[in-house]
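Read through the structure below, which is laid out as structure tokens, and then see the notes.
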Amino acid sequence: MLPSLSVTDLRELCARNAPGAAPASGLAAPLLLDVREPWEAALARIDIEGVASCLIPMGQLPERLDELDRLQSIVCYCHHGMRSLQVVAFLQRQGFDSVYNLAGGIDAWSLQVDPGVPRY
């Protein structure tokens with residue numbers, strides 16, 4: 001089974017690592033890797049203060065792999081979590097050890113964490 005985080009797990013992880021928060025033990029704030037298409041990212045995105053993010057559409061990932069740090073924890077997300085699950089498997093095969101799928105994707109984030117993020 002591929003590693004994943006629920007949207008509430010991600011919210012709590014990022015809150016523990018937020019600027020001004022008490023030092024957290026365990027997983028550091030991850031990079032949020034959006035694997036959706038640019039038109040999707042223009043509609044909605046996960047924005048968390050103090051957490052880095054980048055957009056690399058799934059189809060571009062093989063040629064843009066060098067943009068990612070293998071030592072950084074990475075949480076991959078898409079619309080519902082299916083493309084990002086495939087990306088997690090791909091990244092693991094490429095030697096990334098700390099990579100997670102955001103279960104339910106940005107849609108779950110909008111429904112359970114931040115209703116200000118538009119659904120599409």
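Scheme for the structure tokens: letters A, B, ... for chains in order shown; per-chain residue numbers from 1; ligand numbers from 1 in order shown.
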Practice prompt. Would you kindly return, as a PyMOL selection string, each protein, DNA or RNA residue with an atom no farther than 12 Å from any atom of range 2-11 of chain A, considering only C-alpha atoms and excluding same-chain residues fewer than 6 positions away?
Written response: chain A and resi 17-18+27-32+46-49+51+73-77+80-82+84-93+97-114
Keeping N, CA and C atoms for every residue in the selection just given, could you write it to a file as a compact mmCIF listing (two decimals), in the first residue's frame?
# COMPACT_ATOMS: atom_id res chain seq x y z
N ASN A 17 4.18 22.79 12.04
CA ASN A 17 5.38 23.33 11.44
C ASN A 17 5.23 24.78 11.00
N ALA A 18 4.12 25.42 11.38
CA ALA A 18 3.87 26.80 10.97
C ALA A 18 4.84 27.75 11.66
N LEU A 27 7.74 14.34 11.18
CA LEU A 27 7.80 14.82 9.81
C LEU A 27 7.83 16.35 9.75
N ALA A 28 8.78 16.88 9.00
CA ALA A 28 8.86 18.33 8.80
C ALA A 28 7.80 18.75 7.79
N ALA A 29 7.59 20.06 7.68
CA ALA A 29 6.63 20.56 6.70
C ALA A 29 7.03 20.06 5.31
N PRO A 30 6.10 19.47 4.60
CA PRO A 30 6.42 18.89 3.29
C PRO A 30 6.34 19.92 2.18
N LEU A 31 6.83 19.52 1.03
CA LEU A 31 6.57 20.24 -0.21
C LEU A 31 5.23 19.73 -0.73
N LEU A 32 4.33 20.64 -1.11
CA LEU A 32 3.06 20.24 -1.72
C LEU A 32 3.27 20.21 -3.22
N ILE A 46 -4.22 24.56 -3.13
CA ILE A 46 -4.03 24.49 -1.69
C ILE A 46 -2.91 25.45 -1.34
N ASP A 47 -3.23 26.43 -0.53
CA ASP A 47 -2.27 27.43 -0.10
C ASP A 47 -2.16 27.37 1.42
N ILE A 48 -1.00 27.00 1.92
CA ILE A 48 -0.79 26.92 3.36
C ILE A 48 0.41 27.80 3.71
N GLU A 49 0.20 28.75 4.57
CA GLU A 49 1.27 29.68 4.94
C GLU A 49 2.49 28.91 5.46
N VAL A 51 4.35 26.83 3.85
CA VAL A 51 4.56 25.52 3.21
C VAL A 51 4.82 25.75 1.72
N SER A 73 10.39 15.80 2.26
CA SER A 73 9.09 15.11 2.28
C SER A 73 8.19 15.79 1.26
N ILE A 74 7.47 14.98 0.50
CA ILE A 74 6.62 15.51 -0.56
C ILE A 74 5.21 14.93 -0.40
N VAL A 75 4.22 15.81 -0.42
CA VAL A 75 2.82 15.38 -0.45
C VAL A 75 2.28 15.74 -1.82
N CYS A 76 1.88 14.73 -2.58
CA CYS A 76 1.35 14.91 -3.93
C CYS A 76 -0.16 15.02 -3.88
N TYR A 77 -0.70 15.94 -4.69
CA TYR A 77 -2.16 16.02 -4.75
C TYR A 77 -2.63 16.33 -6.17
N HIS A 80 -8.86 14.38 -7.14
CA HIS A 80 -9.48 13.42 -6.21
C HIS A 80 -8.50 12.43 -5.60
N GLY A 81 -7.23 12.46 -5.99
CA GLY A 81 -6.23 11.58 -5.39
C GLY A 81 -5.81 10.40 -6.23
N MET A 82 -6.31 10.28 -7.44
CA MET A 82 -5.94 9.12 -8.26
C MET A 82 -4.64 9.36 -9.04
N SER A 84 -2.36 11.56 -8.29
CA SER A 84 -1.28 11.73 -7.32
C SER A 84 -0.84 10.39 -6.74
N LEU A 85 -1.74 9.44 -6.64
CA LEU A 85 -1.37 8.09 -6.18
C LEU A 85 -0.39 7.46 -7.18
N GLN A 86 -0.65 7.63 -8.46
CA GLN A 86 0.26 7.12 -9.48
C GLN A 86 1.62 7.83 -9.40
N VAL A 87 1.60 9.12 -9.11
CA VAL A 87 2.85 9.88 -8.99
C VAL A 87 3.65 9.39 -7.79
N VAL A 88 2.99 9.10 -6.68
CA VAL A 88 3.69 8.57 -5.50
C VAL A 88 4.41 7.28 -5.87
N ALA A 89 3.73 6.38 -6.57
CA ALA A 89 4.36 5.12 -6.98
C ALA A 89 5.56 5.38 -7.89
N PHE A 90 5.41 6.31 -8.83
CA PHE A 90 6.51 6.66 -9.73
C PHE A 90 7.70 7.22 -8.95
N LEU A 91 7.43 8.17 -8.04
CA LEU A 91 8.52 8.78 -7.28
C LEU A 91 9.23 7.76 -6.41
N GLN A 92 8.49 6.84 -5.82
CA GLN A 92 9.14 5.79 -5.03
C GLN A 92 10.07 4.95 -5.90
N ARG A 93 9.64 4.64 -7.12
CA ARG A 93 10.50 3.87 -8.03
C ARG A 93 11.75 4.66 -8.43
N ASP A 97 12.03 8.57 -0.88
CA ASP A 97 11.62 7.77 0.28
C ASP A 97 10.45 8.36 1.06
N SER A 98 10.34 9.68 1.08
CA SER A 98 9.34 10.33 1.92
C SER A 98 8.32 11.04 1.03
N VAL A 99 7.47 10.26 0.40
CA VAL A 99 6.48 10.79 -0.52
C VAL A 99 5.11 10.22 -0.17
N TYR A 100 4.10 11.07 -0.19
CA TYR A 100 2.76 10.70 0.29
C TYR A 100 1.70 11.20 -0.69
N ASN A 101 0.62 10.46 -0.77
CA ASN A 101 -0.55 10.87 -1.54
C ASN A 101 -1.51 11.60 -0.60
N LEU A 102 -2.10 12.70 -1.09
CA LEU A 102 -3.14 13.38 -0.32
C LEU A 102 -4.46 12.70 -0.67
N ALA A 103 -4.95 11.89 0.24
CA ALA A 103 -6.18 11.11 0.01
C ALA A 103 -7.36 12.05 -0.25
N GLY A 104 -8.04 11.82 -1.35
CA GLY A 104 -9.20 12.64 -1.68
C GLY A 104 -8.87 13.90 -2.44
N GLY A 105 -7.59 14.24 -2.53
CA GLY A 105 -7.14 15.39 -3.31
C GLY A 105 -7.67 16.73 -2.84
N ILE A 106 -7.60 17.69 -3.75
CA ILE A 106 -8.03 19.05 -3.42
C ILE A 106 -9.53 19.12 -3.14
N ASP A 107 -10.28 18.19 -3.71
CA ASP A 107 -11.72 18.17 -3.45
C ASP A 107 -11.99 17.87 -1.97
N ALA A 108 -11.27 16.91 -1.41
CA ALA A 108 -11.43 16.61 0.02
C ALA A 108 -10.95 17.78 0.87
N TRP A 109 -9.87 18.44 0.43
CA TRP A 109 -9.37 19.61 1.16
C TRP A 109 -10.46 20.68 1.24
N SER A 110 -11.12 20.92 0.12
CA SER A 110 -12.18 21.93 0.07
C SER A 110 -13.36 21.54 0.95
N LEU A 111 -13.73 20.26 0.94
CA LEU A 111 -14.88 19.80 1.72
C LEU A 111 -14.60 19.73 3.21
N GLN A 112 -13.39 19.34 3.61
CA GLN A 112 -13.12 19.06 5.02
C GLN A 112 -12.25 20.09 5.74
N VAL A 113 -11.47 20.86 5.00
CA VAL A 113 -10.53 21.76 5.65
C VAL A 113 -10.77 23.22 5.30
N ASP A 114 -10.83 23.54 4.03
CA ASP A 114 -10.92 24.94 3.61
C ASP A 114 -12.02 25.11 2.56
Fill in: Members of chain A assigned strand (DSSP E) by DSSP, as a PyMOL selection string
chain A and resi 4-5+31-34+53-55+74-77+99-102
Discussion item. Please compute the CA of Arg45 in chain A-CA of Leu33 in chain A distance, one decimal, in Å.
Written reply: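 CA of Leu33 in chain A lies 10.7 Å from CA of Arg45 in chain A.
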Fill in: Interatomic distance (Å, one decimal) between CA of Glu40 in chain A and CA of Asp66 in chain A
23.3 Å
Worksheet item: How many Å separate CA of Trp39 in chain A from CA of Gly59 in chain A?
Response: 14.0 Å
Item to complete: Point out the residue among A:Gly95, A:His79, A:Glu12, A:Arg70 with the least atom-to-atom distance to Leu43 in chain A, counting only C-alpha atoms.
Response: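 Checking each of A:Gly95, A:His79, A:Glu12, A:Arg70 against Leu43 in chain A, counting only C-alpha atoms, the winner is A:His79.
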Item to complete: Enumerate the residues of range 1-114 of chain A with a DSSP assignment of alpha helix (DSSP H), computed from the backbone, and present them as a VMD selection string.
Response: chain A and resid 7 to 16 38 to 43 61 to 64 82 to 93 105 to 112
Worksheet item: Restricting the calculation to only C-alpha atoms, which member of A:Ala15, A:Cys78, A:Ala44, A:Val35 is positioned closest to Gln60 in chain A?
Response: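 Closest residue, counting only C-alpha atoms: A:Val35.
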